[in-house]
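Down below is the structure, laid out as structure tokens.
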Amino acid sequence: MEHVSMVFDRDGKSVPVLDDINLDVSEEEFICLVGPSGCGKSTLLNLMGGFLSPTSGSITIDGEAVHGPDPRRILVFQERGVFPWLTVAGNIGFGLSKLSRAEREERITHYVQLVRLQGFEQTYPSDLSGGMKQRLQVARALAVNPDILYLDEPFGALDSVTRLIMRGELLRIWQAERRTIIFVTHDIDEAVQLADRVVVLSSRPAKIENILTIDIPHPRNISSRRYLELRDDLLSKIGLAYTV
Ligand SMILES: Nc1ncnc2c1ncn2[C@@H]1O[C@H](COP(=O)(O)OP(=O)(O)OP(=O)(O)O)[C@@H](O)[C@H]1O
Ligand SMILES: [Mg+2]
């Protein structure tokens with residue numbers, strides 16, 4: 001992203017949301033985006049995913065400008081994300097029409113198990129809890145095997161145990177299959193446990209305030225000295241961001 005700015009028009013008034021965002025993400029990198037509510041994190045993901053166009057600046061992937069959504073890159077939205085007219089199995093299998101029937105069934109079974117929705121394969125989203133819907137969204141995104149995953153607070157509605165399990169699963173998948181992941185979270189521990197780099201945004205209009213490199217190999221020992229140092233460092237950076 002080079003000099004990316006975004007200004008929305010709301011009832012004739014311009015609302016600046018992102019201000020001169022510059023960020024280079026490497027292939028296979030895990031980036032966490034944090035920042036105060038309403039600062040522009042979801043907007044930034046929507047821009048990267050091609051669902052919105054920036055007011056100014058450019059976004060390129062492998063040297064190619066982003067023009068619109070692309071099946072090689074999947075965005076898991078903060079809200080709205082599952083197709084209500086499809087069952088759990090139908091949602092996970094949605095992007096898999098190119099596979100043979102047997103391969104598709106196998107992939108669906110794998111991801112249903114991964115997100116622990118066994119027994120709900122034929123259930124419609126209206127009969128799932130909020131957390132189950134979130135897990136379904138993540139499964140659907142992973143099942144199509146994208147190069148880049150944009151995840152907007154994907155575990156926000158989960159209880160803390162399920163959240164820990166999903167975090168571990170995401171790390172396992174990321175390590176095994178090496179995707180590029182851009183992950184929005186409000187959870188500092190989540191950021192320090194997952195990210196290669198944590199990008200701290202200021203309040204709206206968001207600028208990049210800090211980028212913190214988490215130089216701890218996985219699996220991370222969350223009581224190690226280095227972990228606690230980095231966590232404190234991030235907290236103080238965010239504390240400042242939140243009070244400005
Ligand atoms: N389509 C739109 N038109 C006008 N304003 C918008 C639009 N989308 C978002 N905004 C405004 O842009 C700002 C940033 O919104 P955004 O959803 O990106 O924030 P966020 O950082 O994801 O917040 P949260 O942490 O609460 O999810 C908000 O003030 C919001 O009202
Ligand atoms: Mg958001």
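Residue names in the structure tokens use chain letters A, B, ... in the order shown, residue numbers from 1 in each chain, and ligand numbers from 1 in the order shown.
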- Message: Quick one: residues within 12 Å of Leu44 of chain A, only C-alpha atoms, excluding same-chain residues fewer than 2 positions away - as JSON, numbers by chain?
- Response: {"A": [1, 4, 5, 6, 7, 17, 18, 19, 20, 21, 22, 23, 33, 34, 35, 38, 39, 40, 41, 42, 46, 47, 48, 49, 50, 51, 52, 53, 54, 55, 59, 75, 77, 150, 151, 152, 182, 183, 184, 199, 201, 204, 205, 206, 207, 208]}
- Which parts of segment 81-236 of chain A does DSSP call strand (DSSP E or B) when run on the backbone here, written out as a list in words?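 Filtering segment 81-236 of chain A down to strand (DSSP E or B) leaves Ile148, Leu149, Tyr150, Leu151, Asp152, Thr180, Ile181, Ile182, Phe183, Val184, Arg197, Val198, Val199, Val200, Leu201, Ala206, Ile208, Glu209, Asn210, Ile211, Leu212 and Thr213 of chain A.
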Okay, now the selection with N, CA and C atoms, as a PDB file, in the first residue's frame?
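Contents of out14.pdb, freshly written:
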ATOM      1  N   ILE A 148      -4.046 -15.303  -0.034  1.00  0.00           N
ATOM      2  CA  ILE A 148      -4.103 -14.287   1.017  1.00  0.00           C
ATOM      3  C   ILE A 148      -5.432 -14.395   1.739  1.00  0.00           C
ATOM      4  N   LEU A 149      -5.355 -14.350   3.060  1.00  0.00           N
ATOM      5  CA  LEU A 149      -6.569 -14.379   3.880  1.00  0.00           C
ATOM      6  C   LEU A 149      -6.662 -13.067   4.639  1.00  0.00           C
ATOM      7  N   TYR A 150      -7.774 -12.388   4.462  1.00  0.00           N
ATOM      8  CA  TYR A 150      -8.029 -11.185   5.247  1.00  0.00           C
ATOM      9  C   TYR A 150      -9.089 -11.555   6.277  1.00  0.00           C
ATOM     10  N   LEU A 151      -8.745 -11.444   7.540  1.00  0.00           N
ATOM     11  CA  LEU A 151      -9.666 -11.893   8.587  1.00  0.00           C
ATOM     12  C   LEU A 151     -10.009 -10.717   9.505  1.00  0.00           C
ATOM     13  N   ASP A 152     -11.272 -10.361   9.547  1.00  0.00           N
ATOM     14  CA  ASP A 152     -11.705  -9.197  10.325  1.00  0.00           C
ATOM     15  C   ASP A 152     -12.328  -9.660  11.638  1.00  0.00           C
ATOM     16  N   THR A 180      -0.453 -15.915   3.313  1.00  0.00           N
ATOM     17  CA  THR A 180      -0.270 -14.567   3.821  1.00  0.00           C
ATOM     18  C   THR A 180      -1.559 -14.203   4.550  1.00  0.00           C
ATOM     19  N   ILE A 181      -1.435 -13.734   5.780  1.00  0.00           N
ATOM     20  CA  ILE A 181      -2.639 -13.462   6.568  1.00  0.00           C
ATOM     21  C   ILE A 181      -2.603 -12.040   7.126  1.00  0.00           C
ATOM     22  N   ILE A 182      -3.692 -11.322   6.925  1.00  0.00           N
ATOM     23  CA  ILE A 182      -3.861  -9.995   7.535  1.00  0.00           C
ATOM     24  C   ILE A 182      -5.067 -10.129   8.466  1.00  0.00           C
ATOM     25  N   PHE A 183      -4.847  -9.910   9.727  1.00  0.00           N
ATOM     26  CA  PHE A 183      -5.790 -10.314  10.761  1.00  0.00           C
ATOM     27  C   PHE A 183      -6.092  -9.106  11.651  1.00  0.00           C
ATOM     28  N   VAL A 184      -7.336  -8.679  11.688  1.00  0.00           N
ATOM     29  CA  VAL A 184      -7.731  -7.568  12.561  1.00  0.00           C
ATOM     30  C   VAL A 184      -8.174  -8.141  13.903  1.00  0.00           C
ATOM     31  N   ARG A 197       4.308  -9.341  12.563  1.00  0.00           N
ATOM     32  CA  ARG A 197       4.353  -7.904  12.857  1.00  0.00           C
ATOM     33  C   ARG A 197       2.964  -7.431  13.255  1.00  0.00           C
ATOM     34  N   VAL A 198       2.911  -6.543  14.240  1.00  0.00           N
ATOM     35  CA  VAL A 198       1.643  -5.943  14.644  1.00  0.00           C
ATOM     36  C   VAL A 198       1.650  -4.489  14.180  1.00  0.00           C
ATOM     37  N   VAL A 199       0.656  -4.132  13.387  1.00  0.00           N
ATOM     38  CA  VAL A 199       0.544  -2.766  12.880  1.00  0.00           C
ATOM     39  C   VAL A 199      -0.470  -2.031  13.759  1.00  0.00           C
ATOM     40  N   VAL A 200      -0.007  -0.967  14.419  1.00  0.00           N
ATOM     41  CA  VAL A 200      -0.865  -0.217  15.333  1.00  0.00           C
ATOM     42  C   VAL A 200      -1.364   1.032  14.621  1.00  0.00           C
ATOM     43  N   LEU A 201      -2.674   1.141  14.504  1.00  0.00           N
ATOM     44  CA  LEU A 201      -3.273   2.303  13.856  1.00  0.00           C
ATOM     45  C   LEU A 201      -3.726   3.315  14.900  1.00  0.00           C
ATOM     46  N   ALA A 206      -7.137   7.085  10.491  1.00  0.00           N
ATOM     47  CA  ALA A 206      -6.041   6.229  10.931  1.00  0.00           C
ATOM     48  C   ALA A 206      -4.775   6.455  10.134  1.00  0.00           C
ATOM     49  N   ILE A 208      -0.614   4.864  10.356  1.00  0.00           N
ATOM     50  CA  ILE A 208       0.143   3.804  11.030  1.00  0.00           C
ATOM     51  C   ILE A 208       0.984   4.466  12.101  1.00  0.00           C
ATOM     52  N   GLU A 209       0.715   4.083  13.347  1.00  0.00           N
ATOM     53  CA  GLU A 209       1.392   4.753  14.443  1.00  0.00           C
ATOM     54  C   GLU A 209       2.675   4.018  14.820  1.00  0.00           C
ATOM     55  N   ASN A 210       2.608   2.709  14.733  1.00  0.00           N
ATOM     56  CA  ASN A 210       3.747   1.881  15.104  1.00  0.00           C
ATOM     57  C   ASN A 210       3.665   0.547  14.386  1.00  0.00           C
ATOM     58  N   ILE A 211       4.806  -0.040  14.166  1.00  0.00           N
ATOM     59  CA  ILE A 211       4.822  -1.432  13.699  1.00  0.00           C
ATOM     60  C   ILE A 211       5.770  -2.184  14.627  1.00  0.00           C
ATOM     61  N   LEU A 212       5.227  -3.203  15.266  1.00  0.00           N
ATOM     62  CA  LEU A 212       6.009  -3.957  16.245  1.00  0.00           C
ATOM     63  C   LEU A 212       6.319  -5.341  15.677  1.00  0.00           C
ATOM     64  N   THR A 213       7.597  -5.668  15.622  1.00  0.00           N
ATOM     65  CA  THR A 213       7.986  -7.000  15.131  1.00  0.00           C
ATOM     66  C   THR A 213       8.023  -7.970  16.304  1.00  0.00           C
TER      67      THR A 213
END
- Message: Could you list, as an NGL selection string, every residue within 7 Å of segment 109-125 of chain A, counting only C-alpha atoms and ignoring same-chain residues fewer than 4 positions away?
- Response: :A and (84 or 86-89 or 105 or 133 or 135 or 139 or 143)
- atom CA of Leu99 of chain A and atom CA of Pro154 of chain A are how many Å apart? 26.3 Å
- Message: Taking only C-alpha atoms and all ligand atoms into account, name the residue in A:Ser236, A:Ser224, A:Ser58, A:Ser202 that is nearest to ligand 1.
- Response: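 Ranked by minimum distance to ligand 1, first place goes to A:Ser202.
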- How many Å lie between atom CA of Val161 of chain A and atom CA of Ile173 of chain A, rounded to one decimal?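 Value for the atom CA of Val161 of chain A-atom CA of Ile173 of chain A distance: 18.5 Å.
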- Query: What's the 12 Å shell around Ile222 of chain A, counting only C-alpha atoms, without same-chain residues fewer than 5 positions away, as a PyMOL selection string?
  - Reply: chain A and resi 189-194+216-217+227-231
Write to file, as a compact mmCIF listing (two decimals), in the first residue's frame, the residues of the selection just made, with N, CA, C and O atoms.
# COMPACT_ATOMS: atom_id res chain seq x y z
N ASP A 189 -3.27 -10.11 23.31
CA ASP A 189 -2.62 -11.41 23.40
C ASP A 189 -2.71 -12.15 22.08
O ASP A 189 -1.76 -12.81 21.65
N GLU A 190 -3.87 -12.03 21.45
CA GLU A 190 -4.04 -12.67 20.14
C GLU A 190 -2.96 -12.15 19.18
O GLU A 190 -2.32 -12.92 18.47
N ALA A 191 -2.79 -10.84 19.17
CA ALA A 191 -1.81 -10.22 18.26
C ALA A 191 -0.39 -10.71 18.56
O ALA A 191 0.35 -11.09 17.66
N VAL A 192 -0.03 -10.73 19.84
CA VAL A 192 1.34 -11.12 20.19
C VAL A 192 1.56 -12.61 19.98
O VAL A 192 2.64 -13.06 19.67
N GLN A 193 0.51 -13.40 20.12
CA GLN A 193 0.66 -14.85 19.91
C GLN A 193 0.75 -15.21 18.43
O GLN A 193 1.40 -16.16 18.05
N LEU A 194 0.07 -14.42 17.58
CA LEU A 194 -0.04 -14.82 16.19
C LEU A 194 0.95 -14.14 15.24
O LEU A 194 1.48 -14.78 14.34
N ILE A 216 9.59 -13.84 18.06
CA ILE A 216 9.62 -15.07 18.88
C ILE A 216 9.16 -16.22 17.98
O ILE A 216 8.11 -16.13 17.36
N PRO A 217 9.95 -17.30 17.92
CA PRO A 217 9.52 -18.43 17.09
C PRO A 217 8.28 -19.12 17.68
O PRO A 217 8.02 -19.03 18.89
N TYR A 227 8.24 -12.59 25.50
CA TYR A 227 6.82 -12.44 25.20
C TYR A 227 6.21 -11.31 26.04
O TYR A 227 5.52 -10.43 25.54
N LEU A 228 6.51 -11.36 27.35
CA LEU A 228 5.92 -10.36 28.25
C LEU A 228 6.44 -8.96 27.94
O LEU A 228 5.69 -7.98 28.00
N GLU A 229 7.71 -8.87 27.54
CA GLU A 229 8.28 -7.57 27.15
C GLU A 229 7.54 -7.00 25.94
O GLU A 229 7.15 -5.83 25.93
N LEU A 230 7.35 -7.87 24.93
CA LEU A 230 6.70 -7.40 23.70
C LEU A 230 5.24 -7.04 23.97
O LEU A 230 4.71 -6.08 23.42
N ARG A 231 4.60 -7.82 24.83
CA ARG A 231 3.21 -7.57 25.16
C ARG A 231 3.08 -6.20 25.86
O ARG A 231 2.21 -5.40 25.54
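Here the question is which of A:Leu170, A:Ile188, A:Val66, A:Leu45 gets nearest to ligand 1 using only C-alpha atoms and all ligand atoms, and that residue is A:Leu45.
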- With only C-alpha atoms and all ligand atoms as the basis for distance, which of A:Val25, A:Val76, A:Val15, A:Ile238 is at the shortest distance from ligand 2? A:Val76
- Item | Secondary structure check, helix (DSSP H, G or I) residues of segment 26-241 of chain A, as number ranges by chain | A: 41-48, 88-93, 101-114, 125-127, 130-143, 160-177, 188-194, 225-241
Selection file, C-alpha atoms, as an mmCIF file, in the first residue's frame:
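New file result25.cif:
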data_model
loop_
_atom_site.group_PDB
_atom_site.id
_atom_site.type_symbol
_atom_site.label_atom_id
_atom_site.label_comp_id
_atom_site.auth_asym_id
_atom_site.auth_seq_id
_atom_site.Cartn_x
_atom_site.Cartn_y
_atom_site.Cartn_z
ATOM 1 C CA LYS A 41 -9.443 -1.282 10.203
ATOM 2 C CA SER A 42 -12.352 -2.907 8.365
ATOM 3 C CA THR A 43 -12.131 -0.192 5.722
ATOM 4 C CA LEU A 44 -8.467 -1.035 5.229
ATOM 5 C CA LEU A 45 -9.252 -4.745 4.776
ATOM 6 C CA ASN A 46 -12.031 -3.914 2.335
ATOM 7 C CA LEU A 47 -9.576 -1.839 0.324
ATOM 8 C CA MET A 48 -6.965 -4.609 0.287
ATOM 9 C CA VAL A 88 -23.013 -25.615 6.829
ATOM 10 C CA ALA A 89 -21.748 -28.129 4.255
ATOM 11 C CA GLY A 90 -23.093 -25.992 1.410
ATOM 12 C CA ASN A 91 -21.296 -22.921 2.737
ATOM 13 C CA ILE A 92 -17.962 -24.696 3.088
ATOM 14 C CA GLY A 93 -18.324 -26.314 -0.333
ATOM 15 C CA ARG A 101 -17.570 -34.497 -5.961
ATOM 16 C CA ALA A 102 -15.423 -36.878 -3.890
ATOM 17 C CA GLU A 103 -12.693 -34.281 -3.345
ATOM 18 C CA ARG A 104 -15.279 -31.693 -2.410
ATOM 19 C CA GLU A 105 -16.899 -34.018 0.132
ATOM 20 C CA GLU A 106 -13.498 -34.803 1.606
ATOM 21 C CA ARG A 107 -12.581 -31.132 1.893
ATOM 22 C CA ILE A 108 -15.922 -30.333 3.525
ATOM 23 C CA THR A 109 -15.510 -33.137 6.073
ATOM 24 C CA HIS A 110 -11.992 -31.943 6.882
ATOM 25 C CA TYR A 111 -13.019 -28.351 7.530
ATOM 26 C CA VAL A 112 -16.206 -29.272 9.379
ATOM 27 C CA GLN A 113 -14.005 -31.242 11.785
ATOM 28 C CA LEU A 114 -11.410 -28.511 11.978
ATOM 29 C CA PRO A 125 -26.936 -20.569 9.611
ATOM 30 C CA SER A 126 -30.142 -19.255 11.207
ATOM 31 C CA ASP A 127 -29.976 -22.243 13.566
ATOM 32 C CA GLY A 130 -22.870 -16.485 16.656
ATOM 33 C CA GLY A 131 -19.655 -18.340 17.450
ATOM 34 C CA MET A 132 -20.616 -21.280 15.249
ATOM 35 C CA LYS A 133 -21.284 -18.885 12.379
ATOM 36 C CA GLN A 134 -17.837 -17.363 12.890
ATOM 37 C CA ARG A 135 -16.222 -20.776 12.802
ATOM 38 C CA LEU A 136 -18.177 -21.586 9.665
ATOM 39 C CA GLN A 137 -16.887 -18.409 8.005
ATOM 40 C CA VAL A 138 -13.313 -19.290 8.838
ATOM 41 C CA ALA A 139 -13.801 -22.838 7.531
ATOM 42 C CA ARG A 140 -15.305 -21.567 4.304
ATOM 43 C CA ALA A 141 -12.396 -19.185 3.779
ATOM 44 C CA LEU A 142 -9.742 -21.817 4.482
ATOM 45 C CA ALA A 143 -11.436 -24.482 2.369
ATOM 46 C CA SER A 160 -12.223 -17.895 25.371
ATOM 47 C CA VAL A 161 -11.608 -21.649 25.132
ATOM 48 C CA THR A 162 -12.874 -21.919 21.544
ATOM 49 C CA ARG A 163 -10.900 -18.803 20.743
ATOM 50 C CA LEU A 164 -7.696 -20.395 21.967
ATOM 51 C CA ILE A 165 -8.422 -23.548 19.978
ATOM 52 C CA MET A 166 -9.162 -21.571 16.799
ATOM 53 C CA ARG A 167 -6.041 -19.476 17.283
ATOM 54 C CA GLY A 168 -3.967 -22.642 17.559
ATOM 55 C CA GLU A 169 -5.642 -24.131 14.490
ATOM 56 C CA LEU A 170 -5.042 -20.996 12.457
ATOM 57 C CA LEU A 171 -1.365 -21.018 13.436
ATOM 58 C CA ARG A 172 -1.096 -24.686 12.566
ATOM 59 C CA ILE A 173 -2.640 -24.086 9.147
ATOM 60 C CA TRP A 174 -0.508 -21.023 8.551
ATOM 61 C CA GLN A 175 2.656 -22.948 9.387
ATOM 62 C CA ALA A 176 1.684 -25.992 7.347
ATOM 63 C CA GLU A 177 0.351 -24.201 4.285
ATOM 64 C CA ILE A 188 -3.508 -7.853 22.424
ATOM 65 C CA ASP A 189 -2.615 -11.411 23.401
ATOM 66 C CA GLU A 190 -4.036 -12.673 20.144
ATOM 67 C CA ALA A 191 -1.811 -10.220 18.257
ATOM 68 C CA VAL A 192 1.343 -11.116 20.188
ATOM 69 C CA GLN A 193 0.664 -14.846 19.907
ATOM 70 C CA LEU A 194 -0.045 -14.821 16.185
ATOM 71 C CA ARG A 225 10.368 -12.907 29.322
ATOM 72 C CA ARG A 226 10.533 -11.822 25.688
ATOM 73 C CA TYR A 227 6.820 -12.441 25.200
ATOM 74 C CA LEU A 228 5.921 -10.359 28.253
ATOM 75 C CA GLU A 229 8.278 -7.569 27.149
ATOM 76 C CA LEU A 230 6.700 -7.404 23.701
ATOM 77 C CA ARG A 231 3.207 -7.566 25.164
ATOM 78 C CA ASP A 232 3.994 -4.661 27.495
ATOM 79 C CA ASP A 233 5.537 -2.771 24.622
ATOM 80 C CA LEU A 234 2.421 -3.236 22.507
ATOM 81 C CA LEU A 235 0.144 -2.284 25.396
ATOM 82 C CA SER A 236 2.003 0.947 25.976
ATOM 83 C CA LYS A 237 1.910 1.734 22.267
ATOM 84 C CA ILE A 238 -1.814 1.123 22.172
ATOM 85 C CA GLY A 239 -2.396 2.948 25.440
ATOM 86 C CA LEU A 240 -0.913 6.002 23.811
ATOM 87 C CA ALA A 241 -2.893 5.453 20.641
#
